[in-house]
Amino acid sequence: MPGKTYVQTRINGEPVDFLAEPRQSLLECLRDVIGLTGSKEGCNDGNCGACTVEMDGRIVTSCLVLGVEAEGSDITTIEGIAEGSELHPVQQAFLENAALQCGICTPGFIVATKALLDHNPDPTEHEIRFWLANNLCRCTGYDKIVRAVQDAASRMQEASA
Amino acid sequence: MHWIDFTSPHSVREAVELLNDANGSARVLAGGTDLLVQLRGGRFDDVNLVVDGKNIPELNEITYDPEGGLTLGAAVPCYRIYGNAAISRAYPGLIDSASLIGGTQIQGRASFGGNLCNSTPSGDSIPAMIAHSAVANIEGPDGHRHVAVEDFCTGPGSNVLGRGEMLVSISFPAPTSGFGANYMRFIPRNEMDIAVAGAGTSVVLDGDTIKSARVALAAVAPTPLYVSAIGDAIAGKPANDDTLAEAGQMAKDAATPITDMRGTIEYRKHLCDVLTRRSLQIAIDRAKENA
């Protein structure tokens, strides 16, 4: 049985090296090896989106990426969304619109929402719902989340106007 | 997950050697959205080597030329397919599939090549590829061979790939004028589900007459099902409701679905009729725009 693999990445703007067993998912590496526990394990099969991170500019479910596949990639997790103690407008909008209850799905929703608004600053409700279809929430019924995304979009547009 | 080794070769030749030496105990990794779930779920307990395809140039290229057609690397993820303007105009059925597989995160990773090699009857990209007359380009220890996509899958989860063989890319002929295509599926929700049934169709129109057509069905047989008899029957006929009704009835007759938690035999056969008619109508409308 061979040993672990040395993996070099950038995570939240900082160079991060770690040792991964080839069978470990990126999610396991983030949480158990690197200590970034903001990304959550829900289903561990790509359905729930609680482990969503951005990898080389695309959101992915980190449970369906091997840690060793992350070699050379640039990753943003929920820990990299706020600027210091200043919440990102998406985070602020989720708080103020009560778009979370138990909170397990929230990191994934926020990473996915930020990616949506980076790519489409003024999405329709239809576009929001389809973009976030890979993120499940069993508490809110989604309406508050959709309203928070719309609120975040208008905050970000006002800020950049 | 049990222990696996991981290797990331940089050439097809190297990957084929690794697969051949492993003699069935290796799997090629593209997006991983099926493979990692299967490895974790214990379906491939005999697999101890994962061969990553994402550092092999041929598996990650999209090449298109209006004369020669499209070649899609086996590991190209869905978002690169629907993000490509040339493909979306020339190969609309592929865009339909790429846009409805999984959600945004899955589309960031999942590939048509992986969907084909996973070989489930419900694979949403496969009927669309068949409708677009796709050919699988396979490389193995004895060189390369080409297999029509409708002949690739041999049963649920099994396909024609032999020892040491891998899917490198999928080629699609350049569409002629008057060509249109579509893929649609039925699921009981709006997204993120596995097809109860699906239909991929294409037509070439000459005015209001169907010159040729191809229809393939998802999730209603042990493999994705190409119903060549429909194309034979409706070629030369007017593109109208009577012709579509004939095609729908033939799809219903050709389907051999099972009853499971997603639907009954009767329900799925009915869906084949409805989806074939609706999908052909969209293909016809697109063909008219393309005339």
# chains A, B, ... in the order shown; residues from 1 in each chain; ligands from 1
>>> select_by_dssp(residues="range 185-258 of chain B", states="helix (DSSP H, G or I)", output="list in words")
Ser228, Ala229, Ile230, Gly231, Asp232, Ala233, Ile234, Asp241, Asp242, Thr243, Leu244, Ala245, Glu246, Ala247, Gly248, Gln249, Met250, Ala251, Lys252, Asp253 and Ala254 of chain B
>>> residues_around(residues="Met129 in chain B", least_positions_apart="4", cutoff="12 Å", atoms="only C-alpha atoms", output="PyMOL selection string")
chain B and resi 70-72+91-98+112-113+115-116+123-125+133-136+148-152+170-173+181-183+199-202+214-218+224-226
>>> residues_around(residues="range 123-129 of chain A", least_positions_apart="2", cutoff="9 Å", atoms="only C-alpha atoms", output="PDB file with all heavy atoms, in the first residue's frame")
ATOM      1  N   THR A 113     -24.225  30.991  -4.301  1.00  0.00           N
ATOM      2  CA  THR A 113     -24.867  32.271  -4.618  1.00  0.00           C
ATOM      3  C   THR A 113     -23.840  33.302  -5.060  1.00  0.00           C
ATOM      4  O   THR A 113     -24.052  34.034  -6.034  1.00  0.00           O
ATOM      5  CB  THR A 113     -25.632  32.803  -3.386  1.00  0.00           C
ATOM      6  OG1 THR A 113     -26.642  31.859  -3.041  1.00  0.00           O
ATOM      7  CG2 THR A 113     -26.266  34.158  -3.671  1.00  0.00           C
ATOM      8  N   LEU A 116     -22.987  32.594  -8.531  1.00  0.00           N
ATOM      9  CA  LEU A 116     -24.067  33.022  -9.438  1.00  0.00           C
ATOM     10  C   LEU A 116     -23.976  34.518  -9.708  1.00  0.00           C
ATOM     11  O   LEU A 116     -24.021  34.945 -10.873  1.00  0.00           O
ATOM     12  CB  LEU A 116     -25.431  32.681  -8.819  1.00  0.00           C
ATOM     13  CG  LEU A 116     -26.650  33.339  -9.487  1.00  0.00           C
ATOM     14  CD1 LEU A 116     -26.829  32.829 -10.921  1.00  0.00           C
ATOM     15  CD2 LEU A 116     -27.924  33.074  -8.681  1.00  0.00           C
ATOM     16  N   LEU A 117     -23.841  35.304  -8.640  1.00  0.00           N
ATOM     17  CA  LEU A 117     -23.873  36.764  -8.809  1.00  0.00           C
ATOM     18  C   LEU A 117     -22.591  37.285  -9.470  1.00  0.00           C
ATOM     19  O   LEU A 117     -22.624  38.313 -10.138  1.00  0.00           O
ATOM     20  CB  LEU A 117     -24.128  37.450  -7.460  1.00  0.00           C
ATOM     21  CG  LEU A 117     -25.474  37.072  -6.811  1.00  0.00           C
ATOM     22  CD1 LEU A 117     -25.661  37.791  -5.491  1.00  0.00           C
ATOM     23  CD2 LEU A 117     -26.652  37.351  -7.742  1.00  0.00           C
ATOM     24  N   ASN A 120     -23.656  36.324 -13.055  1.00  0.00           N
ATOM     25  CA  ASN A 120     -24.918  36.904 -13.529  1.00  0.00           C
ATOM     26  C   ASN A 120     -25.425  37.847 -12.434  1.00  0.00           C
ATOM     27  O   ASN A 120     -26.136  37.432 -11.527  1.00  0.00           O
ATOM     28  CB  ASN A 120     -25.918  35.757 -13.789  1.00  0.00           C
ATOM     29  CG  ASN A 120     -27.273  36.257 -14.249  1.00  0.00           C
ATOM     30  OD1 ASN A 120     -27.508  37.460 -14.358  1.00  0.00           O
ATOM     31  ND2 ASN A 120     -28.183  35.324 -14.509  1.00  0.00           N
ATOM     32  N   PRO A 121     -25.063  39.154 -12.507  1.00  0.00           N
ATOM     33  CA  PRO A 121     -25.347  40.066 -11.390  1.00  0.00           C
ATOM     34  C   PRO A 121     -26.836  40.332 -11.163  1.00  0.00           C
ATOM     35  O   PRO A 121     -27.205  40.782 -10.072  1.00  0.00           O
ATOM     36  CB  PRO A 121     -24.643  41.368 -11.799  1.00  0.00           C
ATOM     37  CG  PRO A 121     -23.739  41.017 -12.933  1.00  0.00           C
ATOM     38  CD  PRO A 121     -24.293  39.790 -13.581  1.00  0.00           C
ATOM     39  N   TRP A 131     -30.009  27.697 -10.801  1.00  0.00           N
ATOM     40  CA  TRP A 131     -28.586  27.709 -10.425  1.00  0.00           C
ATOM     41  C   TRP A 131     -28.383  27.013  -9.075  1.00  0.00           C
ATOM     42  O   TRP A 131     -27.396  26.307  -8.874  1.00  0.00           O
ATOM     43  CB  TRP A 131     -28.073  29.157 -10.356  1.00  0.00           C
ATOM     44  CG  TRP A 131     -26.616  29.253 -10.024  1.00  0.00           C
ATOM     45  CD1 TRP A 131     -26.057  29.269  -8.782  1.00  0.00           C
ATOM     46  CD2 TRP A 131     -25.518  29.322 -10.954  1.00  0.00           C
ATOM     47  NE1 TRP A 131     -24.681  29.362  -8.876  1.00  0.00           N
ATOM     48  CE2 TRP A 131     -24.331  29.396 -10.192  1.00  0.00           C
ATOM     49  CE3 TRP A 131     -25.422  29.345 -12.353  1.00  0.00           C
ATOM     50  CZ2 TRP A 131     -23.062  29.491 -10.774  1.00  0.00           C
ATOM     51  CZ3 TRP A 131     -24.161  29.443 -12.930  1.00  0.00           C
ATOM     52  CH2 TRP A 131     -23.002  29.508 -12.150  1.00  0.00           C
ATOM     53  N   LEU A 132     -29.328  27.212  -8.149  1.00  0.00           N
ATOM     54  CA  LEU A 132     -29.199  26.661  -6.800  1.00  0.00           C
ATOM     55  C   LEU A 132     -29.878  25.297  -6.647  1.00  0.00           C
ATOM     56  O   LEU A 132     -30.030  24.809  -5.523  1.00  0.00           O
ATOM     57  CB  LEU A 132     -29.773  27.647  -5.771  1.00  0.00           C
ATOM     58  CG  LEU A 132     -29.048  29.001  -5.668  1.00  0.00           C
ATOM     59  CD1 LEU A 132     -29.768  29.919  -4.691  1.00  0.00           C
ATOM     60  CD2 LEU A 132     -27.590  28.815  -5.247  1.00  0.00           C
ATOM     61  N   ALA A 133     -30.240  24.675  -7.768  1.00  0.00           N
ATOM     62  CA  ALA A 133     -30.956  23.391  -7.684  1.00  0.00           C
ATOM     63  C   ALA A 133     -30.101  22.297  -7.072  1.00  0.00           C
ATOM     64  O   ALA A 133     -30.615  21.303  -6.568  1.00  0.00           O
ATOM     65  CB  ALA A 133     -31.424  22.962  -9.075  1.00  0.00           C
ATOM     66  N   TYR A 142     -37.024  27.440   0.854  1.00  0.00           N
ATOM     67  CA  TYR A 142     -36.335  28.133  -0.246  1.00  0.00           C
ATOM     68  C   TYR A 142     -36.775  29.574  -0.497  1.00  0.00           C
ATOM     69  O   TYR A 142     -36.003  30.354  -1.046  1.00  0.00           O
ATOM     70  CB  TYR A 142     -36.405  27.349  -1.580  1.00  0.00           C
ATOM     71  CG  TYR A 142     -35.787  25.977  -1.488  1.00  0.00           C
ATOM     72  CD1 TYR A 142     -36.583  24.850  -1.355  1.00  0.00           C
ATOM     73  CD2 TYR A 142     -34.408  25.808  -1.479  1.00  0.00           C
ATOM     74  CE1 TYR A 142     -36.023  23.578  -1.235  1.00  0.00           C
ATOM     75  CE2 TYR A 142     -33.832  24.548  -1.360  1.00  0.00           C
ATOM     76  CZ  TYR A 142     -34.643  23.436  -1.247  1.00  0.00           C
ATOM     77  OH  TYR A 142     -34.092  22.204  -1.127  1.00  0.00           O
ATOM     78  N   VAL A 146     -34.309  32.534  -1.780  1.00  0.00           N
ATOM     79  CA  VAL A 146     -34.433  33.247  -3.061  1.00  0.00           C
ATOM     80  C   VAL A 146     -34.505  34.747  -2.809  1.00  0.00           C
ATOM     81  O   VAL A 146     -33.843  35.538  -3.501  1.00  0.00           O
ATOM     82  CB  VAL A 146     -35.660  32.736  -3.847  1.00  0.00           C
ATOM     83  CG1 VAL A 146     -35.912  33.606  -5.072  1.00  0.00           C
ATOM     84  CG2 VAL A 146     -35.461  31.277  -4.256  1.00  0.00           C
ATOM     85  N   ARG A 147     -35.270  35.141  -1.793  1.00  0.00           N
ATOM     86  CA  ARG A 147     -35.360  36.589  -1.477  1.00  0.00           C
ATOM     87  C   ARG A 147     -33.995  37.143  -1.047  1.00  0.00           C
ATOM     88  O   ARG A 147     -33.628  38.267  -1.408  1.00  0.00           O
ATOM     89  CB  ARG A 147     -36.421  36.838  -0.403  1.00  0.00           C
ATOM     90  CG  ARG A 147     -37.835  36.795  -0.968  1.00  0.00           C
ATOM     91  CD  ARG A 147     -38.816  37.542  -0.079  1.00  0.00           C
ATOM     92  NE  ARG A 147     -39.071  36.840   1.173  1.00  0.00           N
ATOM     93  CZ  ARG A 147     -39.973  35.858   1.322  1.00  0.00           C
ATOM     94  NH1 ARG A 147     -40.709  35.488   0.285  1.00  0.00           N
ATOM     95  NH2 ARG A 147     -40.155  35.279   2.483  1.00  0.00           N
ATOM     96  N   VAL A 149     -31.098  36.066  -2.030  1.00  0.00           N
ATOM     97  CA  VAL A 149     -30.243  36.171  -3.225  1.00  0.00           C
ATOM     98  C   VAL A 149     -30.617  37.433  -4.014  1.00  0.00           C
ATOM     99  O   VAL A 149     -29.744  38.186  -4.464  1.00  0.00           O
ATOM    100  CB  VAL A 149     -30.367  34.912  -4.107  1.00  0.00           C
ATOM    101  CG1 VAL A 149     -29.534  35.070  -5.376  1.00  0.00           C
ATOM    102  CG2 VAL A 149     -29.929  33.668  -3.336  1.00  0.00           C
ATOM    103  N   GLN A 150     -31.927  37.682  -4.123  1.00  0.00           N
ATOM    104  CA  GLN A 150     -32.371  38.889  -4.836  1.00  0.00           C
ATOM    105  C   GLN A 150     -31.891  40.145  -4.106  1.00  0.00           C
ATOM    106  O   GLN A 150     -31.438  41.108  -4.738  1.00  0.00           O
ATOM    107  CB  GLN A 150     -33.899  38.892  -4.962  1.00  0.00           C
ATOM    108  CG  GLN A 150     -34.396  37.836  -5.954  1.00  0.00           C
ATOM    109  CD  GLN A 150     -35.894  37.598  -5.863  1.00  0.00           C
ATOM    110  OE1 GLN A 150     -36.486  37.682  -4.784  1.00  0.00           O
ATOM    111  NE2 GLN A 150     -36.517  37.291  -6.998  1.00  0.00           N
ATOM    112  N   ALA A 153     -28.228  40.575  -4.661  1.00  0.00           N
ATOM    113  CA  ALA A 153     -27.974  41.072  -6.018  1.00  0.00           C
ATOM    114  C   ALA A 153     -28.172  42.583  -6.065  1.00  0.00           C
ATOM    115  O   ALA A 153     -27.338  43.305  -6.626  1.00  0.00           O
ATOM    116  CB  ALA A 153     -28.899  40.367  -7.020  1.00  0.00           C
TER     117      ALA A 153
END
>>> interface_residues(of="chain A", to="chain B", cutoff="10 Å", atoms="only C-alpha atoms", output="PyMOL selection string")
chain A and resi 1-5+21-25+44-47+49+52-55+57-66+68-69+112+116+129-135
>>> write_last_selection(atoms="N, CA, C and O atoms", output="compact mmCIF listing (two decimals), in the first residue's frame")
# COMPACT_ATOMS: atom_id res chain seq x y z
N MET A 1 0.84 -1.20 0.00
CA MET A 1 0.00 0.00 0.00
C MET A 1 0.88 1.26 0.00
O MET A 1 1.68 1.44 0.90
N PRO A 2 0.75 2.08 -1.03
CA PRO A 2 1.58 3.29 -1.08
C PRO A 2 1.09 4.32 -0.08
O PRO A 2 0.03 4.17 0.51
N GLY A 3 1.89 5.36 0.11
CA GLY A 3 1.56 6.35 1.12
C GLY A 3 0.70 7.47 0.59
O GLY A 3 0.00 7.32 -0.40
N LYS A 4 0.80 8.58 1.29
CA LYS A 4 -0.01 9.73 0.93
C LYS A 4 0.65 10.53 -0.19
O LYS A 4 1.84 10.40 -0.44
N THR A 5 -0.15 11.36 -0.82
CA THR A 5 0.33 12.19 -1.93
C THR A 5 0.43 13.64 -1.45
O THR A 5 -0.45 14.12 -0.74
N GLU A 21 -4.53 11.01 1.27
CA GLU A 21 -4.68 9.65 0.75
C GLU A 21 -5.46 9.78 -0.56
O GLU A 21 -6.40 10.58 -0.64
N PRO A 22 -5.11 9.00 -1.59
CA PRO A 22 -5.82 9.13 -2.87
C PRO A 22 -7.33 8.92 -2.74
O PRO A 22 -8.09 9.45 -3.54
N ARG A 23 -7.78 8.18 -1.75
CA ARG A 23 -9.21 7.93 -1.62
C ARG A 23 -9.95 9.04 -0.90
O ARG A 23 -11.17 9.03 -0.81
N GLN A 24 -9.22 10.02 -0.34
CA GLN A 24 -9.90 11.08 0.41
C GLN A 24 -10.49 12.12 -0.54
O GLN A 24 -9.81 12.57 -1.47
N SER A 25 -11.73 12.51 -0.28
CA SER A 25 -12.33 13.57 -1.08
C SER A 25 -11.71 14.90 -0.70
O SER A 25 -11.10 15.05 0.37
N ASN A 44 -22.77 13.38 0.93
CA ASN A 44 -21.54 12.74 0.45
C ASN A 44 -21.72 12.04 -0.89
O ASN A 44 -20.96 11.14 -1.24
N ASP A 45 -22.74 12.42 -1.68
CA ASP A 45 -22.84 11.87 -3.04
C ASP A 45 -23.26 12.91 -4.08
O ASP A 45 -23.76 12.55 -5.16
N GLY A 46 -23.06 14.18 -3.78
CA GLY A 46 -23.24 15.20 -4.83
C GLY A 46 -24.64 15.75 -4.96
O GLY A 46 -24.89 16.58 -5.83
N ASN A 47 -25.57 15.29 -4.12
CA ASN A 47 -26.95 15.76 -4.26
C ASN A 47 -27.24 17.04 -3.49
O ASN A 47 -28.02 17.86 -3.95
N GLY A 49 -25.20 19.59 -1.97
CA GLY A 49 -24.50 20.86 -2.19
C GLY A 49 -23.95 21.52 -0.94
O GLY A 49 -23.38 22.61 -1.04
N THR A 52 -20.28 22.62 -1.20
CA THR A 52 -19.90 23.39 -2.39
C THR A 52 -18.70 24.31 -2.13
O THR A 52 -18.69 25.06 -1.15
N VAL A 53 -17.73 24.22 -3.01
CA VAL A 53 -16.59 25.16 -3.02
C VAL A 53 -16.39 25.61 -4.46
O VAL A 53 -16.89 24.97 -5.39
N GLU A 54 -15.66 26.71 -4.63
CA GLU A 54 -15.32 27.11 -5.99
C GLU A 54 -13.91 26.59 -6.29
O GLU A 54 -13.01 26.74 -5.47
N MET A 55 -13.78 25.93 -7.45
CA MET A 55 -12.49 25.36 -7.82
C MET A 55 -12.17 25.83 -9.23
O MET A 55 -12.95 25.56 -10.16
N GLY A 57 -12.64 28.60 -10.60
CA GLY A 57 -13.68 29.44 -11.18
C GLY A 57 -15.02 28.75 -11.39
O GLY A 57 -15.95 29.38 -11.89
N ARG A 58 -15.15 27.45 -11.04
CA ARG A 58 -16.44 26.76 -11.16
C ARG A 58 -16.83 26.20 -9.81
O ARG A 58 -15.97 25.66 -9.11
N ILE A 59 -18.12 26.29 -9.46
CA ILE A 59 -18.52 25.63 -8.21
C ILE A 59 -18.63 24.13 -8.45
O ILE A 59 -19.07 23.67 -9.51
N VAL A 60 -18.18 23.38 -7.45
CA VAL A 60 -18.23 21.92 -7.49
C VAL A 60 -18.66 21.43 -6.11
O VAL A 60 -18.52 22.15 -5.11
N THR A 61 -19.16 20.20 -6.07
CA THR A 61 -19.40 19.57 -4.77
C THR A 61 -18.08 18.91 -4.37
O THR A 61 -17.61 17.99 -5.05
N SER A 62 -17.47 19.38 -3.27
CA SER A 62 -16.12 18.92 -2.94
C SER A 62 -16.11 17.46 -2.49
O SER A 62 -15.06 16.83 -2.44
N CYS A 63 -17.29 16.89 -2.20
CA CYS A 63 -17.34 15.45 -1.88
C CYS A 63 -17.11 14.60 -3.12
O CYS A 63 -16.79 13.42 -3.01
N LEU A 64 -17.30 15.19 -4.32
CA LEU A 64 -17.11 14.44 -5.56
C LEU A 64 -15.84 14.85 -6.29
O LEU A 64 -15.72 14.69 -7.51
N VAL A 65 -14.89 15.39 -5.54
CA VAL A 65 -13.56 15.68 -6.08
C VAL A 65 -12.59 14.97 -5.15
O VAL A 65 -12.76 15.03 -3.93
N LEU A 66 -11.60 14.29 -5.70
CA LEU A 66 -10.57 13.71 -4.84
C LEU A 66 -9.60 14.82 -4.43
O LEU A 66 -9.29 15.70 -5.24
N VAL A 68 -6.50 14.63 -4.18
CA VAL A 68 -5.32 14.60 -5.06
C VAL A 68 -5.60 15.26 -6.41
O VAL A 68 -4.68 15.69 -7.09
N GLU A 69 -6.89 15.35 -6.80
CA GLU A 69 -7.24 16.03 -8.05
C GLU A 69 -7.06 17.54 -7.93
O GLU A 69 -7.08 18.24 -8.94
N ALA A 112 -22.35 29.08 -3.54
CA ALA A 112 -23.01 28.94 -4.84
C ALA A 112 -23.65 30.26 -5.26
O ALA A 112 -23.63 30.63 -6.44
N LEU A 116 -22.99 32.59 -8.53
CA LEU A 116 -24.07 33.02 -9.44
C LEU A 116 -23.98 34.52 -9.71
O LEU A 116 -24.02 34.95 -10.87
N ARG A 129 -33.33 29.87 -8.99
CA ARG A 129 -33.78 28.54 -8.56
C ARG A 129 -33.05 27.43 -9.30
O ARG A 129 -32.71 26.40 -8.72
N PHE A 130 -32.81 27.63 -10.61
CA PHE A 130 -32.10 26.59 -11.35
C PHE A 130 -30.63 26.53 -10.97
O PHE A 130 -30.06 25.46 -10.84
N TRP A 131 -30.01 27.70 -10.80
CA TRP A 131 -28.59 27.71 -10.42
C TRP A 131 -28.38 27.01 -9.08
O TRP A 131 -27.40 26.31 -8.87
N LEU A 132 -29.33 27.21 -8.15
CA LEU A 132 -29.20 26.66 -6.80
C LEU A 132 -29.88 25.30 -6.65
O LEU A 132 -30.03 24.81 -5.52
N ALA A 133 -30.24 24.67 -7.77
CA ALA A 133 -30.96 23.39 -7.68
C ALA A 133 -30.10 22.30 -7.07
O ALA A 133 -30.61 21.30 -6.57
N ASN A 134 -28.78 22.46 -7.12
CA ASN A 134 -27.88 21.45 -6.56
C ASN A 134 -27.61 21.69 -5.06
O ASN A 134 -26.75 21.06 -4.47
N ASN A 135 -28.36 22.64 -4.47
CA ASN A 135 -28.22 22.91 -3.03
C ASN A 135 -29.57 22.65 -2.37
O ASN A 135 -30.57 23.28 -2.72
>>> select_by_dssp(residues="range 24-140 of chain B", states="strand (DSSP E)", output="PyMOL selection string")
chain B and resi 26-29+49-52+62-65+69-73+135-140
>>> residues_around(residues="Glu246 in chain B", least_positions_apart="6", cutoff="12 Å", atoms="only C-alpha atoms", output="ChimeraX atom specification")
/B:229-235,237-240,252-253,273-274,276-277,280
